[in-house]
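Comments concern the structure below.
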Amino acid sequence: MGSYIPATQAEREDLMRACGLNSLEDLYAIVPPEARVSELDLEPGLSEMEVADKVGAIADKNVRFKSIFRGAGAYHHYIPSIVKTITSKEEFVTAYTPYQAEISQGVLQSIFEYQTQICELTGMDVSNASVYDGATAAAEAVIMLEERKRSGVVICGGVDPQTQQVVKTYCASRNIPTTTIEGGLTTQPAELARVLEGTTNASVLVQSPNFFGSLEDVAGLAEAAHAAKAKLIMSANPISLGILKTPAELGADVAVGEGQPLGMPLAFGGPYLGYMATTQKNMRKLPGRIVGQTADDEGRRAFVLTLQAREQHIRREKASSNICSNQALCAMTASVYLAAVGPDGLARVASNSAAHAHYLAGELAGLGFKTLNEGTFFNEFVTSCPIDATVLMKALETKGILGGLPIEQGILWCCTELNTKERIDELVSALKEVL
């Protein structure tokens, strides 16, 4: 066995120059300066116990909010205790990736169950074993729908800005044209039809409920997309699918989304999972792992990896993706959560989240916060703000409340089942003090 030789300093500098960087610090330029730590203020020569004590004291400075009214892609839901109990078992936590997959029947069965639940949730025919996150899922969906004679994606303006960035990054490296429909908190089918007229775009990406919380006219958008011979990708908060029509019912060709609300904590932004599902017509283009059910030579139920569309398994030029793994533990977490709450429980989580959001919107209106959403919204909504939004949020933080997200249009508020009437009334009282 040979020894491991890391890259030399000269090689690292060559790599950075090729990427247009002058130093390693340039890699973190996007991180706000106040959030960066160059070194910890620790004396040299401390023992492990002393270091743990000092680092713990630093960690205690983190703020823990008693109430969270912010979503924007990551949501604070109640997680049943059984979810952590099952997924923290050693045999699940330590399993990485099944290189000899058919030997790992337990792992394959857990993935198969997850895929089945995602299909039931979205109404689609086939799901993969998950991808890295919701933004990656959207980007992979755009890539999988590219055709020889049709290329390009139209992105509706209500798609999460971070998802838009990821999709555009994927497309830029593949010379895939992207068009974004700007303006308004929703996209009208007539506007999409106008943008698609005379083009050969392969796909349309819409999010519903969208970044602003509004429900898009997905059925109308799907009709406009199909009339232009483009396919529709629908990104959806999976919790909302407990009470709303499925992507399949609305005419979508591919369903994607961020699976974090299904039993995963906020966890400083990850790890999460991206779900992907599609119709039978498109299943051979679906990227990532797909587990199928079969029978062995003795007729016993068995599970196998099948329909591989990634470059590890088929010729690279025929692969629809080079994504090489899946979020197996996160997928199992989603699967256990869905099994624990069941269809009725998921519907209650969704309906309570929506009811709390509409109650909050009514209370805020009485304080001068005008709701700006066009039509119906789910559990998020945008309001105007009678004072500087940043000042308002800082005032709420002193009371242990994480308020809505300040955005260009105003403030994006969010409620889940955890934002009870009592919590909302506390927020309203705090706002009255500030205003």
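Residue numbers start at 1 in each chain; chains themselves are named A, B, ... in the order of the structure tokens; ligands are numbered from 1 in the order shown.
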Can you check which parts of stretch 37-104 of chain A lie within 10 Å of stretch 396-401 of chain A? Per residue, the shortest pair of atoms and distance in Å to one decimal, counting only C-alpha atoms, sorted by chain and number, as CSV.
```
residue,atom,partner,partner_atom,distance
A:Val63,CA,A:Gly400,CA,8.0
A:Arg64,CA,A:Gly400,CA,7.2
A:Phe65,CA,A:Gly400,CA,4.7
A:Lys66,CA,A:Gly400,CA,5.5
A:Ser67,CA,A:Ile401,CA,4.9
A:Ile68,CA,A:Ile401,CA,6.1
A:Phe69,CA,A:Ile401,CA,7.7
A:Arg70,CA,A:Ile401,CA,9.9
```
Taking N, CA, C and O atoms for each residue, export the selection above as an mmCIF file, in the first residue's frame.
```
data_model
loop_
_atom_site.group_PDB
_atom_site.id
_atom_site.type_symbol
_atom_site.label_atom_id
_atom_site.label_comp_id
_atom_site.auth_asym_id
_atom_site.auth_seq_id
_atom_site.Cartn_x
_atom_site.Cartn_y
_atom_site.Cartn_z
ATOM 1 N N VAL A 63 -27.611 31.992 20.573
ATOM 2 C CA VAL A 63 -28.977 32.336 20.978
ATOM 3 C C VAL A 63 -29.919 31.188 20.625
ATOM 4 O O VAL A 63 -29.897 30.682 19.499
ATOM 5 N N ARG A 64 -30.730 30.771 21.579
ATOM 6 C CA ARG A 64 -31.756 29.756 21.331
ATOM 7 C C ARG A 64 -33.113 30.433 21.447
ATOM 8 O O ARG A 64 -33.492 30.905 22.514
ATOM 9 N N PHE A 65 -33.834 30.462 20.331
ATOM 10 C CA PHE A 65 -35.110 31.168 20.315
ATOM 11 C C PHE A 65 -36.222 30.281 20.857
ATOM 12 O O PHE A 65 -36.281 29.082 20.569
ATOM 13 N N LYS A 66 -37.108 30.887 21.625
ATOM 14 C CA LYS A 66 -38.255 30.132 22.139
ATOM 15 C C LYS A 66 -39.355 30.032 21.087
ATOM 16 O O LYS A 66 -40.194 29.129 21.139
ATOM 17 N N SER A 67 -39.358 30.967 20.134
ATOM 18 C CA SER A 67 -40.341 30.943 19.050
ATOM 19 C C SER A 67 -39.651 31.294 17.740
ATOM 20 O O SER A 67 -38.806 32.187 17.709
ATOM 21 N N ILE A 68 -40.017 30.584 16.677
ATOM 22 C CA ILE A 68 -39.436 30.822 15.355
ATOM 23 C C ILE A 68 -40.564 31.079 14.365
ATOM 24 O O ILE A 68 -41.450 30.233 14.187
ATOM 25 N N PHE A 69 -40.532 32.244 13.730
ATOM 26 C CA PHE A 69 -41.528 32.615 12.719
ATOM 27 C C PHE A 69 -40.859 32.829 11.374
ATOM 28 O O PHE A 69 -41.235 33.709 10.611
ATOM 29 N N ARG A 70 -39.837 32.031 11.099
ATOM 30 C CA ARG A 70 -39.070 32.156 9.865
ATOM 31 C C ARG A 70 -38.955 30.795 9.196
ATOM 32 O O ARG A 70 -38.701 29.784 9.849
#
```
Counting only C-alpha atoms, what are the residues of stretch 332-391 of chain A within 8 Å of stretch 416-419 of chain A, and for each of them which pair of atoms is the nearest and at what distance in Å, to one decimal? Sort the table by chain and rising number, as JSON lines.
```
{"residue": "A:Val349", "atom": "CA", "partner": "A:Glu417", "partner_atom": "CA", "distance": 5.8}
{"residue": "A:Ala350", "atom": "CA", "partner": "A:Glu417", "partner_atom": "CA", "distance": 7.7}
{"residue": "A:Asn352", "atom": "CA", "partner": "A:Glu417", "partner_atom": "CA", "distance": 5.2}
{"residue": "A:Ser353", "atom": "CA", "partner": "A:Thr416", "partner_atom": "CA", "distance": 4.0}
{"residue": "A:Ala354", "atom": "CA", "partner": "A:Thr416", "partner_atom": "CA", "distance": 7.4}
{"residue": "A:His356", "atom": "CA", "partner": "A:Asn419", "partner_atom": "CA", "distance": 6.6}
{"residue": "A:Ala357", "atom": "CA", "partner": "A:Thr416", "partner_atom": "CA", "distance": 7.6}
{"residue": "A:Asn379", "atom": "CA", "partner": "A:Thr416", "partner_atom": "CA", "distance": 6.8}
```
Go through stretch 27-110 of chain A residue by residue and, counting only C-alpha atoms, keep those with an atom at most 12 Å from stretch 158-167 of chain A; for each kept residue give the shortest atom pair and its distance in Å to one decimal, ordered by chain and increasing number, as a Markdown table.
```
| residue | atom | partner | partner_atom | distance |
| --- | --- | --- | --- | --- |
| A:Gly71 | CA | A:Asp160 | CA | 11.3 |
| A:Ala72 | CA | A:Asp160 | CA | 7.7 |
| A:Gly73 | CA | A:Asp160 | CA | 7.5 |
| A:Ala74 | CA | A:Asp160 | CA | 11.3 |
```
From a DSSP calculation on the backbone, collect every residue of stretch 341-372 of chain A in alpha helix (DSSP H) and output the set as number ranges by chain. A: 341-365
Pick out the residues sitting within 12 Å of A:Lys370, and hand them over as a PyMOL selection string; count only C-alpha atoms, and ignore anything fewer than 4 positions along from it in its own chain. chain A and resi 360-366+374+381-386+409-413
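If you look at atom CA of A:Ile30 and atom CA of A:Thr178, they are 23.3 Å away from each other.
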Taking only C-alpha atoms into account, name the residue in A:Ala395, A:Cys330, A:Met264, A:Ile290 that is nearest to A:His76. A:Met264
